[in-house]
Structure formats: structure tokens, C-alpha cells
Amino acid sequence: MTTRIDTRFTELKKQGRSAFVTYVMAGDPDLTTSLNIVKALPKAGADVIELGIPFTDPMADGPSIQAAGLRALKNGMTLKKTLELVRDFRKDDNVTPLVLMGYYNPIYIYGVDKFLADAKTSGVDGLIIVDLPPEEDDELCIPALKAGLNFIRLATPTTDDKRLPAVLANTSGFVYYVSIAGITGAAAADANAVGEAVARIKRHTKLPICVGFGIRTPEAARAIAEKADGSVVGTALVDALKNSLDAEGRATAKTVNAVAELTAALAQGVKGAQQAAE
């Protein structure tokens with residue numbers, strides 16, 4: 001099985017550079033604006049898109065992404081509409097990898113078999129389901145792999161060498177390394193510590209290692225890109241979106257550009273790491 005994720009990382013390896021992975025919440029602040037934002041991300045320099053599934057009780061997300069999920073839910077976003085958004089995105093873009101990131105409850109309610117079939121036909125390439133540990137792989141991970149989707153697992157600073165083999169056993173696409181012991185947006189990533197962690201994880205797997213949580217600026221993205229196979233930015237993009245909304249929390253003429261412009265700046269930071277390494 002070769003997915004768009006595998007193809008993209010192979011291409012980037014040939015180019016000698018790290019990936020820039022963006023995260024935005026599906027349906028934030030509304031479905032139409034969210035689709036336009038997702039469409040704008042590849043043109044602004046995103047190599048991989050993570051699309052959040054709105055959920056009321058996100059255990060790993062900080063206040064910014066929690067608020068984004070609530071804005072989306074308030075405006076009627078659902079898992080079904082998230083898949084429709086992916087389907088609409090694929091009408092114009094059949095190459096950019098797209099990963100759904102969220103929690104198991106909405107998928108369980110939707111129905112695992114129906115969800116996997118609909119996700120695959122919509123154009124989803126992979127899943128990051130934060131609250132399903134390896135011990136529950138039969139629940140979703142194994143069926144997802146059989147359906148042709150990558151299942152991307154999180155590793156954290158507290159995932160030691162004894163635990164890593166279990167975490168990596170059915171992981172595919174890439175490994176998402178959480179740079180801090182905490183929620184999204186809670187602290188800045190330490191590039192030196194990230195470098196040591198990435199080197200340790202690479203002793204256990206040949207998969208690309210992407211690093212997220214705590215990257216907000218082009219400089220930080222560049223520093224992480226020098227240490228890892230990918231830099232993931234979410235909270236900073238969600239905050240850029242939030243800061244463009246009107247007093248009622250509605251999109252304005254600035255909203256799509258606010259996210260696209262920050263994406264472009266961060267992408268330049270990642271590409272700067274390649275230039276520094278040459």
C-alpha cells in the first residue's frame with residue numbers, strides 16, 4: 001500500500017528537505033470558510049494537511065484548538081460534513097496528503113466500517129486518533145490499515161524505549177512526535193531536546209518523524225526542520241484565524257488570507273532549513 005503520505009515524504013526526501021505539516025479545524029469558523037482555507041494551504045506551502053475533527057472533550061488540545069472545535073460545532077459541523085469537506089477539497093487537489101486528527105467517540109458513533117469506507121472514498125489518507133492506545137488496535141487501527149489508510153501514532157517525551165515498540169508496531173505514514181509534555185500551544189519546543197528524541201525514535205523505525213506542539217514561528221519551524229522530517233503547526237494557524245474574526249466570531253474578508261499568509265511564512269522557515277543544510 002502506497003498512500004499520498006508515503007509518496008509525499010519520498011518526494012521530499014529526494015529534495016533533501018523536511019515537510020511542513022499544517023493543522024486546521026474542520027468547519028472553523030464555518031464550513032465554506034474552512035474549505036477555502038484548506039484549499040489555500042497547499043498553495044501557501046503546506047506539504048501535508050491535518051484536519052481536526054471537532055469534538056467537545058479534546059484531551060490533548062489547548063484552549064485555542066478547543067475554542068476552534070466549539071466554533072465549528074456551534075455552526076453545525078459534524079463528522080459527516082468533515083468528510084464532505086475532504087471530498088470537495090479533492091475536486092481540485094488529488095496530490096496533497098490529508099490526515100484527519102481527532103478522537104474516537106465521533107467515529108464510534110458514526111460506525112467504524114462506514115467511517116473507514118466514507119473516509120477512503122472522500123480522499124482521506126491517514127488518521128491520528130489521539131485517545132486510542134496500541135492495546136486497542138483491533139478497534140480502529142487494524143481496520144484502517146486494511147482499508148488502505150495510514151494510522152499515525154503519537155510518541156511523547158514520556159514514551160521510553162520500552163514503550164516505543166508497542167507504539168510503532170502498527171504505525172504507518174509517519175510518526176508524530178509531541179515535543180512537550182502537555183497540551184497543544186502550552187509551551188515552546190526545545191529544538192535540541194527534539195533532536196535527541198528524534199534520533200532515539202529513529203533507532204526504532206524507518207518512518208519519517210514529524211514534530212508538533214510548541215511551534216509557532218518561522219524561526220521555530222526552521223529549527224525543528226533541521227532536526228526532524230517534518231514540522232507540524234496548528235495553534236498558531238488557529239490563532240491567526242481567530243484574530244481575523246469579527247466580534248460575533250464570524251469570518252471576515254481577512255480570514256482566509258490570515259491563515260494563508262502565516263502558512264507561507266512558516267513554509268519559508270522550513271525551506272530555510274534545507275538551504276542552511278546545503
# chains A, B, ... in the order shown; residues from 1 in each chain; ligands from 1

$ select_by_dssp --residues "segment 79-210 of chain A" --states "helix (DSSP H, G or I)" --output "PyMOL selection string"
chain A and resi 79-90+104-110+112-122+134-136+141-146+164-168+191-202

$ residues_around --residues "Ala144 of chain A" --least-positions-apart "5" --cutoff "7 Å" --atoms "only C-alpha atoms" --output "VMD selection string"
chain A and resid 116 149 151

$ select_by_dssp --residues "segment 173-231 of chain A" --states "strand (DSSP E or B)" --output "list in words"
Val175, Tyr176, Tyr177, Val178, Ile209, Cys210, Val211, Gly212, Gly230 and Ser231 of chain A

$ closest_residue --among "A:Ser64, A:Thr252, A:Thr33, A:Ser179" --to "Leu237 of chain A" --atoms "only C-alpha atoms"
A:Ser64

$ residues_around --residues "segment 194-201 of chain A" --least-positions-apart "5" --cutoff "8 Å" --atoms "only C-alpha atoms" --output "PyMOL selection string"
chain A and resi 157+164+177+179+189+209+211+224+227-228

$ closest_residue --among "A:Leu168, A:Ala267, A:Met25, A:Val48" --to "Val124 of chain A" --atoms "only C-alpha atoms"
A:Val48

$ closest_residue --among "A:Phe20, A:Lys43, A:Val256, A:Asp61" --to "Ala220 of chain A" --atoms "only C-alpha atoms"
A:Phe20

$ closest_residue --among "A:Leu207, A:Leu100, A:Ala273, A:Ile129" --to "Glu226 of chain A" --atoms "only C-alpha atoms"
A:Ala273

$ closest_residue --among "A:Ile5, A:Leu12, A:Leu145, A:Val130" --to "Asn170 of chain A" --atoms "only C-alpha atoms"
A:Leu145

$ atom_distance --atom1 "atom CA of Lys146 of chain A" --atom2 "atom CA of Arg203 of chain A"
26.6 Å

$ closest_residue --among "A:Leu245, A:Ile180, A:Met101, A:Ala240" --to "Val259 of chain A" --atoms "only C-alpha atoms"
A:Ala240

$ residues_around --residues "Val112 of chain A" --least-positions-apart "2" --cutoff "9 Å" --atoms "only C-alpha atoms" --output "PyMOL selection string"
chain A and resi 107-110+114-117+139-140+143-144

$ write_last_selection --atoms "N, CA, C and O atoms" --output "JSON list (two decimals), in the first residue's frame"
[["chain", "number", "residue", "atom", "x", "y", "z"],
["A", 107, "ILE", "N", -16.18, 8.82, 15.75],
["A", 107, "ILE", "CA", -16.05, 7.72, 14.78],
["A", 107, "ILE", "C", -16.86, 6.51, 15.25],
["A", 107, "ILE", "O", -17.53, 5.85, 14.46],
["A", 108, "TYR", "N", -16.81, 6.24, 16.54],
["A", 108, "TYR", "CA", -17.57, 5.12, 17.11],
["A", 108, "TYR", "C", -19.06, 5.32, 16.87],
["A", 108, "TYR", "O", -19.78, 4.39, 16.47],
["A", 109, "ILE", "N", -19.53, 6.55, 17.09],
["A", 109, "ILE", "CA", -20.95, 6.86, 16.88],
["A", 109, "ILE", "C", -21.32, 6.76, 15.40],
["A", 109, "ILE", "O", -22.39, 6.27, 15.03],
["A", 110, "TYR", "N", -20.42, 7.21, 14.53],
["A", 110, "TYR", "CA", -20.65, 7.17, 13.07],
["A", 110, "TYR", "C", -20.71, 5.73, 12.58],
["A", 110, "TYR", "O", -21.45, 5.39, 11.65],
["A", 114, "LYS", "N", -18.43, 2.07, 8.31],
["A", 114, "LYS", "CA", -18.96, 3.12, 7.44],
["A", 114, "LYS", "C", -18.00, 4.31, 7.37],
["A", 114, "LYS", "O", -17.77, 4.88, 6.30],
["A", 115, "PHE", "N", -17.43, 4.65, 8.54],
["A", 115, "PHE", "CA", -16.48, 5.77, 8.57],
["A", 115, "PHE", "C", -15.28, 5.49, 7.67],
["A", 115, "PHE", "O", -14.88, 6.34, 6.87],
["A", 116, "LEU", "N", -14.68, 4.31, 7.81],
["A", 116, "LEU", "CA", -13.49, 3.99, 7.02],
["A", 116, "LEU", "C", -13.80, 3.98, 5.53],
["A", 116, "LEU", "O", -13.02, 4.49, 4.72],
["A", 117, "ALA", "N", -14.95, 3.42, 5.16],
["A", 117, "ALA", "CA", -15.33, 3.41, 3.75],
["A", 117, "ALA", "C", -15.54, 4.82, 3.23],
["A", 117, "ALA", "O", -15.05, 5.18, 2.14],
["A", 139, "GLU", "N", -9.70, -2.12, 17.41],
["A", 139, "GLU", "CA", -10.90, -1.27, 17.38],
["A", 139, "GLU", "C", -10.97, -0.44, 16.09],
["A", 139, "GLU", "O", -12.01, -0.37, 15.45],
["A", 140, "LEU", "N", -9.83, 0.17, 15.70],
["A", 140, "LEU", "CA", -9.83, 1.07, 14.55],
["A", 140, "LEU", "C", -8.55, 0.97, 13.72],
["A", 140, "LEU", "O", -8.60, 0.99, 12.49],
["A", 143, "PRO", "N", -8.39, -2.17, 11.26],
["A", 143, "PRO", "CA", -9.35, -1.98, 10.16],
["A", 143, "PRO", "C", -8.97, -0.82, 9.23],
["A", 143, "PRO", "O", -9.19, -0.91, 8.02],
["A", 144, "ALA", "N", -8.40, 0.25, 9.78],
["A", 144, "ALA", "CA", -7.99, 1.38, 8.94],
["A", 144, "ALA", "C", -6.87, 0.98, 7.99],
["A", 144, "ALA", "O", -6.88, 1.34, 6.81]]

$ residues_around --residues "Asp6 of chain A" --least-positions-apart "5" --cutoff "10 Å" --atoms "only C-alpha atoms" --output "number ranges by chain"
A: 1, 11, 97, 125, 150, 172-174, 207-208

$ residues_around --residues "segment 132-135 of chain A" --least-positions-apart "5" --cutoff "9 Å" --atoms "only C-alpha atoms" --output "MDAnalysis selection string"
chainID A and resid 103:104 140:141 153 166:170
